[in-house]
Structures are given as C-alpha cells and as structure tokens.
$ cat coords-v1.cif   # mmCIF, C-alpha atoms
data_coords
loop_
_atom_site.label_atom_id
_atom_site.label_comp_id
_atom_site.auth_asym_id
_atom_site.auth_seq_id
_atom_site.Cartn_x
_atom_site.Cartn_y
_atom_site.Cartn_z
CA MET A 1 0.00 0.00 0.00
CA PRO A 2 1.65 3.25 -1.04
CA CYS A 3 2.07 5.88 1.59
CA TYR A 4 0.12 9.16 1.49
CA TYR A 5 3.36 11.08 1.11
CA ASP A 6 4.87 8.81 -1.55
CA VAL A 7 6.19 11.09 -4.31
CA ALA A 8 6.29 8.38 -6.98
CA ASP A 9 2.72 7.38 -6.24
CA ILE A 10 1.54 10.99 -6.50
CA LEU A 11 3.34 11.55 -9.78
CA MET A 12 2.00 8.30 -11.16
CA GLU A 13 -1.54 9.50 -10.50
CA GLU A 14 -0.84 12.50 -12.70
CA GLU A 15 -0.89 10.26 -15.81
CA LEU A 16 -3.70 11.21 -18.14
CA ILE A 17 -6.56 8.79 -18.72
CA SER A 18 -9.16 9.27 -21.39
CA VAL A 19 -12.67 9.19 -19.89
CA VAL A 20 -16.23 9.78 -21.07
CA PHE A 21 -18.45 11.81 -18.77
CA GLN A 22 -21.72 10.05 -17.95
CA VAL A 23 -23.07 13.16 -16.24
CA THR A 24 -22.89 16.89 -16.74
CA ALA A 25 -20.71 18.86 -14.34
CA ASN A 26 -21.01 22.62 -13.85
CA GLY A 27 -18.25 25.07 -13.08
CA VAL A 28 -15.37 22.93 -14.37
CA GLY A 29 -15.10 24.08 -17.99
CA LEU A 30 -11.33 24.09 -17.68
CA LEU A 31 -11.30 20.31 -17.99
CA ASP A 32 -12.82 20.28 -21.46
CA PRO A 33 -11.03 22.56 -23.92
CA GLY A 34 -13.91 22.21 -26.39
CA ALA A 35 -16.61 23.28 -23.94
CA GLU A 36 -18.78 26.25 -24.87
CA ARG A 37 -20.10 26.98 -21.39
CA ASN A 38 -18.19 26.70 -18.13
CA SER A 39 -19.13 23.04 -17.79
CA VAL A 40 -18.44 19.55 -19.07
CA GLU A 41 -21.43 18.05 -20.93
CA LYS A 42 -22.65 14.49 -20.63
CA GLY A 43 -20.93 12.29 -23.20
CA ALA A 44 -17.88 14.55 -23.51
CA LYS A 45 -14.59 12.76 -24.00
CA VAL A 46 -11.96 14.34 -21.77
CA ASP A 47 -8.43 13.49 -20.65
CA LEU A 48 -8.31 13.52 -16.88
CA PRO A 49 -5.38 12.79 -14.58
CA PHE A 50 -5.72 9.39 -12.94
CA TRP A 51 -6.50 10.78 -9.47
CA LEU A 52 -9.49 12.72 -10.79
CA ALA A 53 -10.70 9.90 -13.04
CA HIS A 54 -10.51 7.50 -10.10
CA GLY A 55 -12.29 9.93 -7.81
CA MET A 56 -15.08 10.48 -10.32
CA LEU A 57 -15.45 6.78 -10.95
CA SER A 58 -16.00 6.04 -7.29
CA LEU A 59 -18.69 8.72 -7.41
CA GLU A 60 -21.51 6.50 -8.67
CA GLN A 61 -19.80 5.93 -12.03
CA ALA A 62 -19.89 9.57 -13.07
CA VAL A 63 -17.36 8.75 -15.79
CA SER A 64 -16.39 5.67 -17.79
CA ILE A 65 -12.72 4.93 -18.32
CA ASN A 66 -11.09 3.97 -21.59
CA VAL A 67 -8.08 1.68 -21.31
CA PRO A 68 -4.93 3.79 -21.83
CA PRO A 69 -3.13 3.13 -25.12
CA CYS A 70 -0.12 1.59 -23.38
CA PHE A 71 -2.20 -1.48 -22.42
CA THR A 72 -3.87 -2.08 -25.77
CA GLN A 73 -3.28 -4.89 -28.23
CA LYS A 74 -0.72 -2.93 -30.22
CA THR A 75 1.67 -2.54 -27.31
CA ARG A 76 1.07 -6.13 -26.27
CA LYS A 77 2.14 -7.35 -29.68
CA GLU A 78 5.29 -5.26 -29.51
CA ILE A 79 6.14 -6.61 -26.08
CA GLN A 80 5.61 -10.14 -27.29
CA ALA A 81 7.93 -9.56 -30.24
CA ASP A 82 10.90 -8.29 -28.24
CA ALA A 83 10.16 -7.05 -24.76
CA ALA A 84 13.57 -5.57 -24.03
CA CYS A 85 13.57 -3.27 -27.05
CA VAL A 86 10.25 -1.54 -26.43
CA ASP A 87 10.54 2.01 -25.19
CA LEU A 88 8.08 1.87 -22.32
CA ARG A 89 9.02 5.22 -20.83
CA VAL A 90 7.59 7.09 -23.79
CA ARG A 91 4.34 5.19 -23.50
CA CYS A 92 3.99 5.61 -19.75
CA PRO A 93 6.76 6.31 -17.22
CA TYR A 94 4.78 4.50 -14.52
CA PHE A 95 3.70 1.59 -16.70
CA TYR A 96 3.47 -1.09 -14.01
CA GLU A 97 2.07 1.01 -11.18
CA LEU A 98 -0.59 2.49 -13.41
CA GLY A 99 -1.40 -0.93 -14.79
CA CYS A 100 -1.93 -2.34 -11.30
CA LYS A 101 -4.25 0.52 -10.44
CA ILE A 102 -6.20 0.42 -13.66
CA VAL A 103 -7.05 -3.29 -13.62
CA PRO A 104 -9.79 -3.08 -10.96
CA LEU A 105 -11.28 -0.05 -12.72
CA VAL A 106 -11.67 -1.41 -16.23
CA GLY A 107 -12.32 -5.09 -15.48
CA ASP A 108 -9.85 -6.36 -18.06
CA LYS A 109 -8.11 -9.18 -16.23
CA SER A 110 -5.61 -9.87 -19.01
CA ILE A 111 -3.74 -6.65 -18.19
CA GLY A 112 -2.33 -8.28 -15.05
CA GLN A 113 -0.80 -11.16 -16.98
CA PHE A 114 0.48 -8.80 -19.62
CA LEU A 115 2.26 -6.70 -16.97
CA ARG A 116 3.87 -9.76 -15.45
CA TYR A 117 5.01 -11.02 -18.80
CA ALA A 118 6.47 -7.63 -19.72
CA PHE A 119 8.33 -7.27 -16.43
CA ALA A 120 9.66 -10.83 -16.34
CA SER A 121 11.04 -10.64 -19.84
CA ARG A 122 12.63 -7.23 -19.36
CA TYR A 123 13.99 -7.94 -15.86
CA LYS A 124 16.75 -10.28 -17.00
CA GLU A 125 18.12 -7.74 -19.42
CA ILE A 126 18.06 -4.97 -16.83
CA LEU A 127 19.84 -7.05 -14.22
CA SER A 128 22.59 -8.34 -16.49
CA LYS A 129 23.27 -4.87 -17.85
CA ALA A 130 23.32 -3.37 -14.37
CA HIS A 131 25.90 -5.90 -13.23
CA SER A 132 28.13 -5.87 -16.27
CA SER A 133 28.17 -2.31 -17.58
CA SER A 134 30.73 0.22 -16.41
CA THR A 135 29.72 2.19 -13.35
CA MET A 136 30.95 5.49 -14.71
CA THR A 137 28.70 5.76 -17.76
CA VAL A 138 24.95 5.50 -18.09
CA PRO A 139 24.06 2.93 -20.75
CA LYS A 140 21.91 4.08 -23.62
CA PHE A 141 19.14 1.63 -22.99
CA THR A 142 18.17 3.21 -19.64
CA THR A 143 16.12 5.82 -21.49
CA ARG A 144 13.77 3.01 -22.52
CA LEU A 145 13.08 1.95 -18.93
CA THR A 146 10.07 3.01 -16.92
CA LYS A 147 10.61 4.69 -13.57
CA GLU A 148 10.10 1.41 -11.76
CA GLU A 149 12.60 -0.39 -13.96
CA ALA A 150 15.12 2.40 -13.61
CA GLN A 151 14.86 1.93 -9.86
CA VAL A 152 15.61 -1.78 -10.20
CA PHE A 153 18.56 -0.92 -12.40
CA GLU A 154 19.94 1.60 -9.91
CA SER A 155 19.56 -0.76 -6.96
CA ALA A 156 21.33 -3.54 -8.81
CA ARG A 157 24.13 -1.17 -9.66
CA GLU A 158 24.43 0.09 -6.11
CA SER A 159 24.60 -3.41 -4.69
CA MET A 160 27.26 -4.28 -7.23
CA SER A 161 29.44 -1.32 -6.31
CA ALA A 162 28.87 -2.00 -2.61
CA PHE A 163 30.07 -5.54 -3.19
CA ARG A 164 33.19 -4.29 -4.99
CA LYS A 165 33.91 -1.85 -2.22
CA TRP A 166 33.57 -4.57 0.38
CA ARG A 167 35.97 -6.82 -1.50
CA VAL A 168 38.64 -4.16 -1.95
CA GLY A 169 38.22 -2.65 1.48
CA GLY A 170 38.86 1.01 2.20
CA ALA A 171 37.91 3.92 4.37
CA ARG A 172 34.79 3.30 6.35
CA LEU A 173 34.27 6.86 7.44
CA GLN A 174 33.39 9.21 4.68
CA LYS A 175 32.34 12.74 4.11
CA ALA A 176 28.58 13.24 4.20
CA SER A 177 27.33 12.73 0.64
CA ILE A 178 25.23 15.89 0.80
CA LEU A 179 28.43 17.93 0.89
CA GLY A 180 29.95 15.97 -1.98
CA ARG A 181 29.32 18.54 -4.71
CA LYS A 182 31.29 21.28 -3.09
CA ARG A 183 34.32 19.04 -2.96
CA LYS A 184 34.21 18.29 -6.66
CA THR A 185 34.33 21.95 -7.66
CA LYS A 186 37.36 22.41 -5.45
CA LEU A 187 39.34 19.49 -6.79
CA PRO A 188 40.86 21.20 -9.85
CA ASP A 189 42.82 23.78 -7.85
CA GLY A 190 44.25 20.99 -5.65
CA PRO A 191 47.16 19.93 -7.88
CA SER A 192 48.03 23.49 -8.92
CA THR A 193 49.29 24.31 -5.43
CA PRO A 194 52.47 22.26 -5.00
CA MET B 1 -5.56 21.31 -15.62
CA TYR B 2 -6.42 21.13 -11.95
CA ALA B 3 -3.60 20.49 -9.47
CA ARG B 4 -1.02 20.45 -12.25
CA ARG B 5 1.06 23.09 -10.54
CA ALA B 6 1.17 21.16 -7.28
CA SER B 7 2.55 18.14 -9.07
CA GLN B 8 5.32 20.33 -10.48
CA LEU B 9 6.58 20.78 -6.93
CA LEU B 10 6.84 17.05 -6.55
CA LYS B 11 8.50 16.63 -9.93
CA GLU B 12 11.18 18.98 -8.67
CA LEU B 13 11.54 16.82 -5.57
CA ASP B 14 11.70 13.67 -7.68
CA ALA B 15 14.32 15.06 -10.03
CA CYS B 16 16.93 15.77 -7.37
CA GLU B 17 19.14 13.00 -6.07
CA PRO B 18 18.02 11.17 -2.94
CA GLY B 19 19.34 12.83 0.19
CA GLN B 20 19.90 16.14 -1.58
CA LEU B 21 17.77 19.24 -1.38
CA VAL B 22 16.83 22.01 -3.80
CA VAL B 23 15.81 25.53 -2.87
CA PHE B 24 12.36 25.78 -1.33
CA ASN B 25 10.04 26.81 -4.15
CA SER B 26 7.93 29.36 -2.33
CA ASP B 27 6.61 30.88 -5.58
CA VAL B 28 4.87 27.74 -6.77
CA PHE B 29 3.96 26.81 -3.20
CA ASP B 30 2.05 30.07 -2.75
CA GLN B 31 0.43 29.74 -6.17
CA VAL B 32 -0.91 26.32 -5.21
CA ILE B 33 -2.32 27.70 -1.99
CA ARG B 34 -4.07 30.43 -3.99
CA GLU B 35 -5.40 27.76 -6.33
CA CYS B 36 -6.84 25.98 -3.32
CA GLY B 37 -8.61 29.20 -2.37
CA GLU B 38 -10.16 29.40 -5.84
CA HIS B 39 -11.34 25.81 -5.70
CA ASN B 40 -12.90 26.51 -2.33
CA ALA B 41 -14.66 29.63 -3.61
CA GLN B 42 -16.10 27.79 -6.63
CA PHE B 43 -17.10 24.85 -4.46
CA GLN B 44 -18.96 27.17 -2.08
CA ALA B 45 -20.64 28.95 -5.01
CA LEU B 46 -21.98 25.70 -6.46
CA ILE B 47 -23.26 24.52 -3.10
CA ARG B 48 -24.89 27.89 -2.49
CA LYS B 49 -26.62 27.62 -5.86
CA MET B 50 -28.03 24.26 -4.86
CA VAL B 51 -29.22 25.60 -1.53
CA GLU B 52 -30.94 28.52 -3.28
CA GLN B 53 -32.83 26.07 -5.46
CA ASN B 54 -34.06 24.42 -2.26
CA LEU B 55 -32.32 21.13 -3.07
CA ASP B 56 -31.09 18.70 -0.48
CA ILE B 57 -27.32 18.97 -0.91
CA GLU B 58 -26.74 15.53 0.55
CA THR B 59 -28.85 13.51 -1.84
CA THR B 60 -29.19 15.63 -4.98
CA ARG B 61 -27.09 14.43 -7.91
CA ASN B 62 -27.27 17.21 -10.48
CA GLU B 63 -24.71 19.06 -12.58
CA ASP B 64 -23.79 21.33 -9.71
CA HIS B 65 -23.17 18.38 -7.42
CA TYR B 66 -20.67 16.82 -9.85
CA GLY B 67 -18.97 20.16 -10.45
CA ALA B 68 -18.58 20.64 -6.71
CA ALA B 69 -17.26 17.11 -6.37
CA ILE B 70 -14.51 17.83 -8.91
CA HIS B 71 -13.47 20.94 -7.02
CA HIS B 72 -13.50 18.96 -3.79
CA LEU B 73 -11.30 16.24 -5.28
CA SER B 74 -8.92 18.88 -6.63
CA LEU B 75 -8.63 20.42 -3.18
CA LEU B 76 -7.75 17.06 -1.67
CA ARG B 77 -5.21 16.47 -4.40
CA ASN B 78 -3.56 19.84 -3.88
CA LYS B 79 -3.43 19.19 -0.18
CA ARG B 80 -1.78 15.83 -0.68
CA CYS B 81 0.84 17.34 -2.99
CA LEU B 82 1.70 20.16 -0.58
CA MET B 83 1.85 17.84 2.40
CA ALA B 84 4.07 15.41 0.53
CA TYR B 85 6.37 18.23 -0.50
CA MET B 86 6.83 19.40 3.08
CA TYR B 87 7.02 15.89 4.52
CA ASN B 88 9.69 14.64 2.15
CA ARG B 89 11.78 17.74 2.62
CA ALA B 90 11.47 17.44 6.38
CA GLU B 91 12.71 13.87 6.15
CA THR B 92 15.82 15.01 4.28
CA ILE B 93 16.38 17.85 6.72
CA ARG B 94 16.23 15.44 9.65
CA SER B 95 18.85 13.27 7.97
CA PHE B 96 21.20 16.28 7.83
CA ARG B 97 21.42 16.32 11.60
CA TRP B 98 22.80 12.77 11.58
CA LYS B 99 25.05 13.17 8.58
CA ILE B 100 26.52 16.63 9.04
CA GLY B 101 25.90 17.70 12.61
CA PRO B 102 24.12 20.48 14.44
CA VAL B 103 25.47 23.31 12.26
CA LEU B 104 24.49 23.38 8.61
CA PRO B 105 26.85 24.93 6.06
CA HIS B 106 25.73 28.12 4.40
CA GLU B 107 24.89 26.61 1.01
CA ILE B 108 22.38 24.27 2.64
CA GLN B 109 20.96 26.93 4.95
CA GLU B 110 19.87 29.08 2.04
CA LYS B 111 17.87 26.23 0.50
CA LEU B 112 15.59 26.04 3.53
CA ASN B 113 12.67 28.32 4.18
CA PHE B 114 12.08 29.93 7.55
CA SER B 115 9.96 27.21 9.14
CA GLU B 116 12.34 24.51 7.94
CA LYS B 117 15.27 26.23 9.63
CA GLU B 118 13.22 26.38 12.80
CA TYR B 119 12.37 22.70 12.40
CA PHE B 120 16.01 21.75 12.03
CA ARG B 121 16.99 23.72 15.13
CA SER B 122 14.26 22.13 17.23
CA HIS B 123 15.01 18.65 15.94
CA SER B 124 18.69 19.18 16.60
CA SER B 125 18.14 20.32 20.16
CA ALA B 126 15.75 17.43 20.79
CA ILE B 127 18.43 14.97 19.74
CA LYS B 128 21.00 16.82 21.79
CA SER B 129 18.96 16.70 24.96
CA TYR B 130 18.23 13.01 24.41
CA ILE B 131 21.91 12.27 23.90
CA SER B 132 22.89 14.09 27.06
CA GLU B 133 20.15 12.35 28.99
CA MET B 134 21.30 8.94 27.79
CA ASP B 135 24.93 9.99 28.16
CA ILE B 136 25.89 8.28 24.90
CA ASP B 137 26.68 9.87 21.55
CA LEU B 138 24.24 8.38 19.06
CA THR B 139 25.64 10.15 16.02
CA VAL B 140 28.90 8.19 15.83
CA ASP B 141 29.50 5.31 13.43
CA MET B 142 27.24 2.38 14.21
CA VAL B 143 29.80 -0.29 13.34
CA PRO B 144 32.21 -1.05 16.18
CA PRO B 145 35.74 -0.02 15.12
CA LYS B 146 38.61 -2.50 15.12
CA ASP B 147 40.90 0.15 16.55
CA PRO B 148 39.80 3.03 18.79
CA TYR B 149 42.41 5.24 17.11
CA ILE B 150 42.52 6.33 13.52
CA GLN B 151 45.10 7.96 11.30
CA VAL B 152 43.78 10.97 9.45
CA ARG B 153 44.99 13.55 6.99
CA VAL B 154 43.75 17.13 7.41
CA LEU B 155 42.28 18.56 4.21
CA GLU B 156 41.68 22.14 5.28
CA ASP B 157 43.19 24.36 7.95
CA ILE B 158 41.13 23.88 11.07
CA GLY B 159 43.42 25.49 13.64
CA GLU B 160 43.96 24.72 17.28
CA VAL B 161 41.40 22.23 18.58
CA SER B 162 41.23 20.82 22.06
CA LEU B 163 40.48 17.12 22.04
CA GLY B 164 40.02 15.56 25.43
CA ASP B 165 42.90 16.50 27.69
CA HIS B 166 45.25 18.01 25.10
CA SER B 167 45.05 20.39 22.18
CA VAL B 168 46.14 19.65 18.63
CA SER B 169 47.04 22.04 15.84
CA LEU B 170 45.24 20.81 12.76
CA THR B 171 47.01 22.38 9.79
CA LYS B 172 46.38 21.44 6.19
CA ASN B 173 47.93 18.18 4.95
CA SER B 174 49.23 17.22 8.38
CA LEU B 175 48.79 13.66 9.61
CA HIS B 176 47.40 12.88 13.02
CA PHE B 177 46.63 9.91 15.15
CA LEU B 178 43.32 10.72 16.81
CA ARG B 179 40.64 9.02 18.75
CA ARG B 180 38.07 7.75 16.29
CA THR B 181 35.18 9.52 17.98
CA ASP B 182 37.03 12.83 17.79
CA ALA B 183 37.85 12.44 14.12
CA GLU B 184 34.42 11.33 12.94
CA GLN B 185 32.74 14.71 12.92
CA PHE B 186 35.63 16.30 11.01
CA ILE B 187 35.51 13.57 8.40
CA SER B 188 31.76 13.84 7.89
CA GLN B 189 32.16 17.60 7.46
CA GLY B 190 34.80 17.00 4.82
CA LEU B 191 37.67 18.61 6.74
CA MET B 192 39.67 15.40 7.14
CA GLU B 193 39.97 12.05 5.48
CA GLU B 194 40.97 8.68 6.79
CA PHE B 195 44.61 8.05 5.89
CA LEU B 196 45.23 4.60 4.54
CA GLU B 197 48.65 3.29 3.61
#
$ encode --input "coords-v1.cif" --output "structure tokens"
Amino acid sequence: MPCYYDVADILMEEELISVVFQVTANGVGLLDPGAERNSVEKGAKVDLPFWLAHGMLSLEQAVSINVPPCFTQKTRKEIQADAACVDLRVRCPYFYELGCKIVPLVGDKSIGQFLRYAFASRYKEILSKAHSSSTMTVPKFTTRLTKEEAQVFESARESMSAFRKWRVGGARLQKASILGRKRKTKLPDGPSTP
Amino acid sequence: MYARRASQLLKELDACEPGQLVVFNSDVFDQVIRECGEHNAQFQALIRKMVEQNLDIETTRNEDHYGAAIHHLSLLRNKRCLMAYMYNRAETIRSFRWKIGPVLPHEIQEKLNFSEKEYFRSHSSAIKSYISEMDIDLTVDMVPPKDPYIQVRVLEDIGEVSLGDHSVSLTKNSLHFLRRTDAEQFISQGLMEEFLE
C-alpha cells in the first residue's frame, strides 16, 4: 500500500486517462477545452489525470474509463515480439504502477498477466546490464526503462558497487554525501598548489 | 488542468538526487495555496446555488453536485501534494542532523525556508537533549571499530582544537593519530579524510 506522502505514487496519479463523462458537471469548464459553457457536458470525452478519473469513478460511475493506449493490443504485440527493445518510458513512465491501479477499474483481467510477462522478460536484461556495464557511464538503454525499472537498475548497480567496495576494502568513514558537490568543484585547484 | 502546478513541486523533488535538497520553491507553493482558495470559492458557489434552489445537498445528484465534487477532489489532491512536499523535505532535513551535525553549512541553509530552519533547530536540540540524557553519543559510526584510534589527513586548515585533555594544531595536509570519535565529525564535514597506507 503506497504511503500518502509517496512522491512516486503521487506523480503516477498524474498520468492522463481518457474518460467519457456520464453526467454533466457545472463550473469545471477548464477540464474540457472544447466546452462552450463553463461546464463539461454528458458524453464529452476528456483526458483527466488518474487521481481525478478514479475519484469520479468512485462517485456513482460519473465517468467511464477507456483503457490507456499503453495497455492495448498494439503494445502487447510489440512486447511479445521483443520485450527488451520496447521504449516503455515514452508510453507511460509509470507503466506497471498504473497498470496495477487500472485493472480493478476497467475489469480487463488480461492486463495483469500482460504486466507480469512484460516485467519478467525485461527484468533479465536490466539485471545483467546493471551488473556488467561500467559504473561510470549510463548505458543508452536506460532511457527506454520506466521509472520502476530504472529503480531496479539503480539498486542492482548500487549493490554491485557495494560488493566491490567490500571486497577491496577502504575507508569506512566518509564525508557526508550531501556535501559531496562542493568538494568536486574544489578538486581542480588541488594539484596546482604544489 | 487542476492540481497540475502542485505536481510540479513534486517533480522537482523527484528530479533531485536522494538525500539532496533544492531551494524551497515558495513561488509555486504560494500559487498552489491560492489555487486551493479558488477551488474553495467555486465549491462554495456551487453549493450555495443548490441551496438557493431548495435542493437537499446531501442527496441531490445534479450538474452542480458533480462540479462541486470535482473541485473537492482537486482540493484534496492539492493538499496531498503540498503535504508530501513538506514531509519529504522534512525527512531530508532530519537526515542532515545525523550526517553533518548540528550546524548546517551556508549553502544548505539558504535552501531552507524559515519554518524549515526552525524545524532543524528544534530537531537538533531534541536529539542533543536526548543524547545528554542517555549519556551516549548516538551520532557516531554504528559499526564497532577495530581500533579506537585512527590515522587521518587534514584537508583544510582547522586550527587549534582541544580534544580531550590536550590540544592539537590541525594544519592542512598534516597527519594525526586521533581518537576515532574525535575524528568522525571532522571527516563527515569534509575537513579530514581517513589516511590509509
């Protein structure tokens, strides 16, 4: 259960979902750019952020939700062809989290299996790249990862570098990382003073 | 779009590295609070309209009801975003006390707003009074050292410092053999480093 203060969860709920209003709502013309009066008419198709769509749906089905394009057949076919090559971040940076939240709302059970398939087939690639690639550079393929996958990648990388550090040994006490930046700007004038 | 601005605050928070802090964005923060005021005003107006039409505001489901509901949801959303912004910053600020110590360097100070500075001071003094009550320094390294002494190299001129029963002159690039607990705070502030052969 995500926490009320969870930043990732809040940002995920900002993803736009296409909905159709089943009722008319006054005083919210801002939501529908095509509205003539300051209201959204019944039957209007509007893009709402997930939090609002979810809130309206729990309000006696005031809206009906269309499945976002990232979970449609087209994306599924692409994932089936070669999961690791699909750029999921462009489609939805919170692909998995949004998918989990959307399943109970649209009643399409196959989304769950699709998510699991997508994650399982991409996970191997992420992990092997995180462990083998150089720690100094950021590999090109990370731009294709969703936020959740990027987190997996970073954790794998961190654990790898922690392991290396443990094997080599070294200073245990270190400068607080928050002050790290200042140090870097000072480094260049270090060698100049003999 | 409603509550879009509030989510910008959190995007800012999300973009910076964990454990780091960016300058408190009081501009956007105030704008969001004003937005909340507008939502409230429109919400009240719609409810008033329903009352004037002699409708039962609890059971009526007309256009005004759904409009008011959207404004209500937007208010809750804005509130959640603002709370999360403050909460996550406060968490980072608390971690500073453990990582850096009771005095924050200037470049971090100027990223905090007034109430956050106050919060840091109070949190710091709360920890301090607890430590003195327990009579044990909780901010030192949690892993037991193999050797109570440590060899360090001084990175910046610190000057004359009294450690325990004697005073040491800590000049730049000098090597010292200090008690680990004495050296720890200098290392975490970046004034010394552990010297390894």
$ closest_residue --input "coords-v1.cif" --among "B:Ile187, B:Leu138, B:Val154, B:Ala6" --to "chain A" --atoms "only C-alpha atoms"
B:Ile187
$ resolve_selection --input "coords-v1.cif" --expression "the PyMOL selection byres ((chain B) within 7 of (chain A))" --output "ChimeraX atom specification"
/B:1,7,10,14,19-20,63-64,66-67,73,84,87,99-100,187-190,194
$ closest_residue --input "coords-v1.cif" --among "A:Ala84, A:Gly169, A:Tyr96, A:Val103" --to "B:Leu196" --atoms "only C-alpha atoms"
A:Gly169
$ atom_distance --input "coords-v1.cif" --atom1 "atom CA of B:Gly101" --atom2 "atom CA of B:Leu155"
18.4 Å
$ atom_distance --input "coords-v1.cif" --atom1 "atom CA of B:Thr59" --atom2 "atom CA of A:Gly43"
22.8 Å
$ atom_distance --input "coords-v1.cif" --atom1 "atom CA of B:Val22" --atom2 "atom CA of B:Leu76"
25.2 Å
$ resolve_selection --input "coords-v1.cif" --expression "the PyMOL selection byres ((chain A and resi 71) around 12)" --output "ChimeraX atom specification"
/A:17,66-70,72-79,88,91-92,95-96,98-100,102-103,106,108-115,118
$ resolve_selection --input "coords-v1.cif" --expression "the PyMOL selection byres ((chain A and resi 124-132) around 6)" --output "PyMOL selection string"
chain A and resi 122-123+133+153+156-157
$ closest_residue --input "coords-v1.cif" --among "B:His123, B:Phe186, B:Pro148, B:His72" --to "B:Val161" --atoms "only C-alpha atoms"
B:Phe186
$ closest_residue --input "coords-v1.cif" --among "B:Ser162, B:Asn88, B:Ser169, B:Thr139" --to "B:Thr181" --atoms "all atoms listed in the file"
B:Thr139
$ residues_around --input "coords-v1.cif" --residues "B:Thr60" --least-positions-apart "5" --cutoff "9 Å" --atoms "all atoms listed in the file" --output "PyMOL selection string"
chain B and resi 50+55+65
$ closest_residue --input "coords-v1.cif" --among "B:Arg5, B:Ile93, B:Glu35, B:Arg179" --to "B:Pro145" --atoms "all atoms listed in the file"
B:Arg179
$ residues_near_point --input "coords-v1.cif" --point "(0.4, 21.5, -1.0)" --cutoff "7 Å" --atoms "only C-alpha atoms" --output "ChimeraX atom specification"
/B:6,29,32-33,78-83,85
$ residues_around --input "coords-v1.cif" --residues "B:His39" --least-positions-apart "5" --cutoff "8 Å" --atoms "all atoms listed in the file" --output "list in words"
His71, His72, Ser74 and Leu75 of chain B
$ residues_around --input "coords-v1.cif" --residues "A:Val90" --least-positions-apart "3" --cutoff "10 Å" --atoms "all atoms listed in the file" --output "ChimeraX atom specification"
/A:70,86-87,93,95,143-146
$ closest_residue --input "coords-v1.cif" --among "B:Phe177, B:Arg89, B:Gly37, B:Leu170" --to "B:Cys16" --atoms "only C-alpha atoms"
B:Arg89
$ residues_around --input "coords-v1.cif" --residues "A:Glu97" --least-positions-apart "5" --cutoff "9 Å" --atoms "all atoms listed in the file" --output "list in words"
Asp9, Met12, Ile102 and Glu148 of chain A
$ build_atoms --input "coords-v1.cif" --residues "stretch 3-9 of chain A" --atoms "all heavy atoms" --output "mmCIF file, in the coordinates of the input"
data_model
loop_
_atom_site.group_PDB
_atom_site.id
_atom_site.type_symbol
_atom_site.label_atom_id
_atom_site.label_comp_id
_atom_site.auth_asym_id
_atom_site.auth_seq_id
_atom_site.Cartn_x
_atom_site.Cartn_y
_atom_site.Cartn_z
ATOM 1 N N CYS A 3 2.270 4.936 0.516
ATOM 2 C CA CYS A 3 2.070 5.880 1.590
ATOM 3 C C CYS A 3 1.474 7.176 1.040
ATOM 4 O O CYS A 3 1.637 7.516 -0.131
ATOM 5 C CB CYS A 3 3.427 6.103 2.261
ATOM 6 S SG CYS A 3 3.737 7.700 2.932
ATOM 7 N N TYR A 4 0.758 7.897 1.886
ATOM 8 C CA TYR A 4 0.120 9.160 1.490
ATOM 9 C C TYR A 4 1.135 10.158 0.960
ATOM 10 O O TYR A 4 0.851 10.956 0.077
ATOM 11 C CB TYR A 4 -0.602 9.725 2.715
ATOM 12 C CG TYR A 4 -1.326 11.036 2.504
ATOM 13 C CD1 TYR A 4 -2.571 11.060 1.874
ATOM 14 C CD2 TYR A 4 -0.786 12.230 2.963
ATOM 15 C CE1 TYR A 4 -3.239 12.253 1.699
ATOM 16 C CE2 TYR A 4 -1.460 13.423 2.783
ATOM 17 C CZ TYR A 4 -2.685 13.426 2.148
ATOM 18 O OH TYR A 4 -3.347 14.618 1.976
ATOM 19 N N TYR A 5 2.335 10.104 1.491
ATOM 20 C CA TYR A 5 3.360 11.080 1.110
ATOM 21 C C TYR A 5 4.286 10.578 0.008
ATOM 22 O O TYR A 5 5.292 11.207 -0.283
ATOM 23 C CB TYR A 5 4.215 11.435 2.338
ATOM 24 C CG TYR A 5 3.431 12.001 3.485
ATOM 25 C CD1 TYR A 5 3.210 11.254 4.627
ATOM 26 C CD2 TYR A 5 2.929 13.292 3.427
ATOM 27 C CE1 TYR A 5 2.494 11.776 5.688
ATOM 28 C CE2 TYR A 5 2.211 13.819 4.468
ATOM 29 C CZ TYR A 5 1.994 13.054 5.603
ATOM 30 O OH TYR A 5 1.295 13.582 6.637
ATOM 31 N N ASP A 6 3.975 9.422 -0.567
ATOM 32 C CA ASP A 6 4.870 8.810 -1.550
ATOM 33 C C ASP A 6 4.920 9.629 -2.840
ATOM 34 O O ASP A 6 3.918 9.745 -3.551
ATOM 35 C CB ASP A 6 4.394 7.391 -1.825
ATOM 36 C CG ASP A 6 5.369 6.614 -2.679
ATOM 37 O OD1 ASP A 6 6.322 7.236 -3.177
ATOM 38 O OD2 ASP A 6 5.164 5.407 -2.847
ATOM 39 N N VAL A 7 6.066 10.197 -3.148
ATOM 40 C CA VAL A 7 6.190 11.090 -4.310
ATOM 41 C C VAL A 7 5.914 10.339 -5.605
ATOM 42 O O VAL A 7 5.181 10.820 -6.477
ATOM 43 C CB VAL A 7 7.605 11.707 -4.356
ATOM 44 C CG1 VAL A 7 7.746 12.565 -5.605
ATOM 45 C CG2 VAL A 7 7.862 12.555 -3.131
ATOM 46 N N ALA A 8 6.481 9.129 -5.733
ATOM 47 C CA ALA A 8 6.290 8.380 -6.980
ATOM 48 C C ALA A 8 4.821 8.062 -7.202
ATOM 49 O O ALA A 8 4.313 8.151 -8.320
ATOM 50 C CB ALA A 8 7.114 7.083 -6.941
ATOM 51 N N ASP A 9 4.136 7.710 -6.129
ATOM 52 C CA ASP A 9 2.720 7.380 -6.240
ATOM 53 C C ASP A 9 1.916 8.607 -6.685
ATOM 54 O O ASP A 9 1.019 8.514 -7.523
ATOM 55 C CB ASP A 9 2.211 6.863 -4.891
ATOM 56 C CG ASP A 9 0.809 6.308 -5.000
ATOM 57 O OD1 ASP A 9 0.611 5.403 -5.831
ATOM 58 O OD2 ASP A 9 -0.089 6.785 -4.292
#
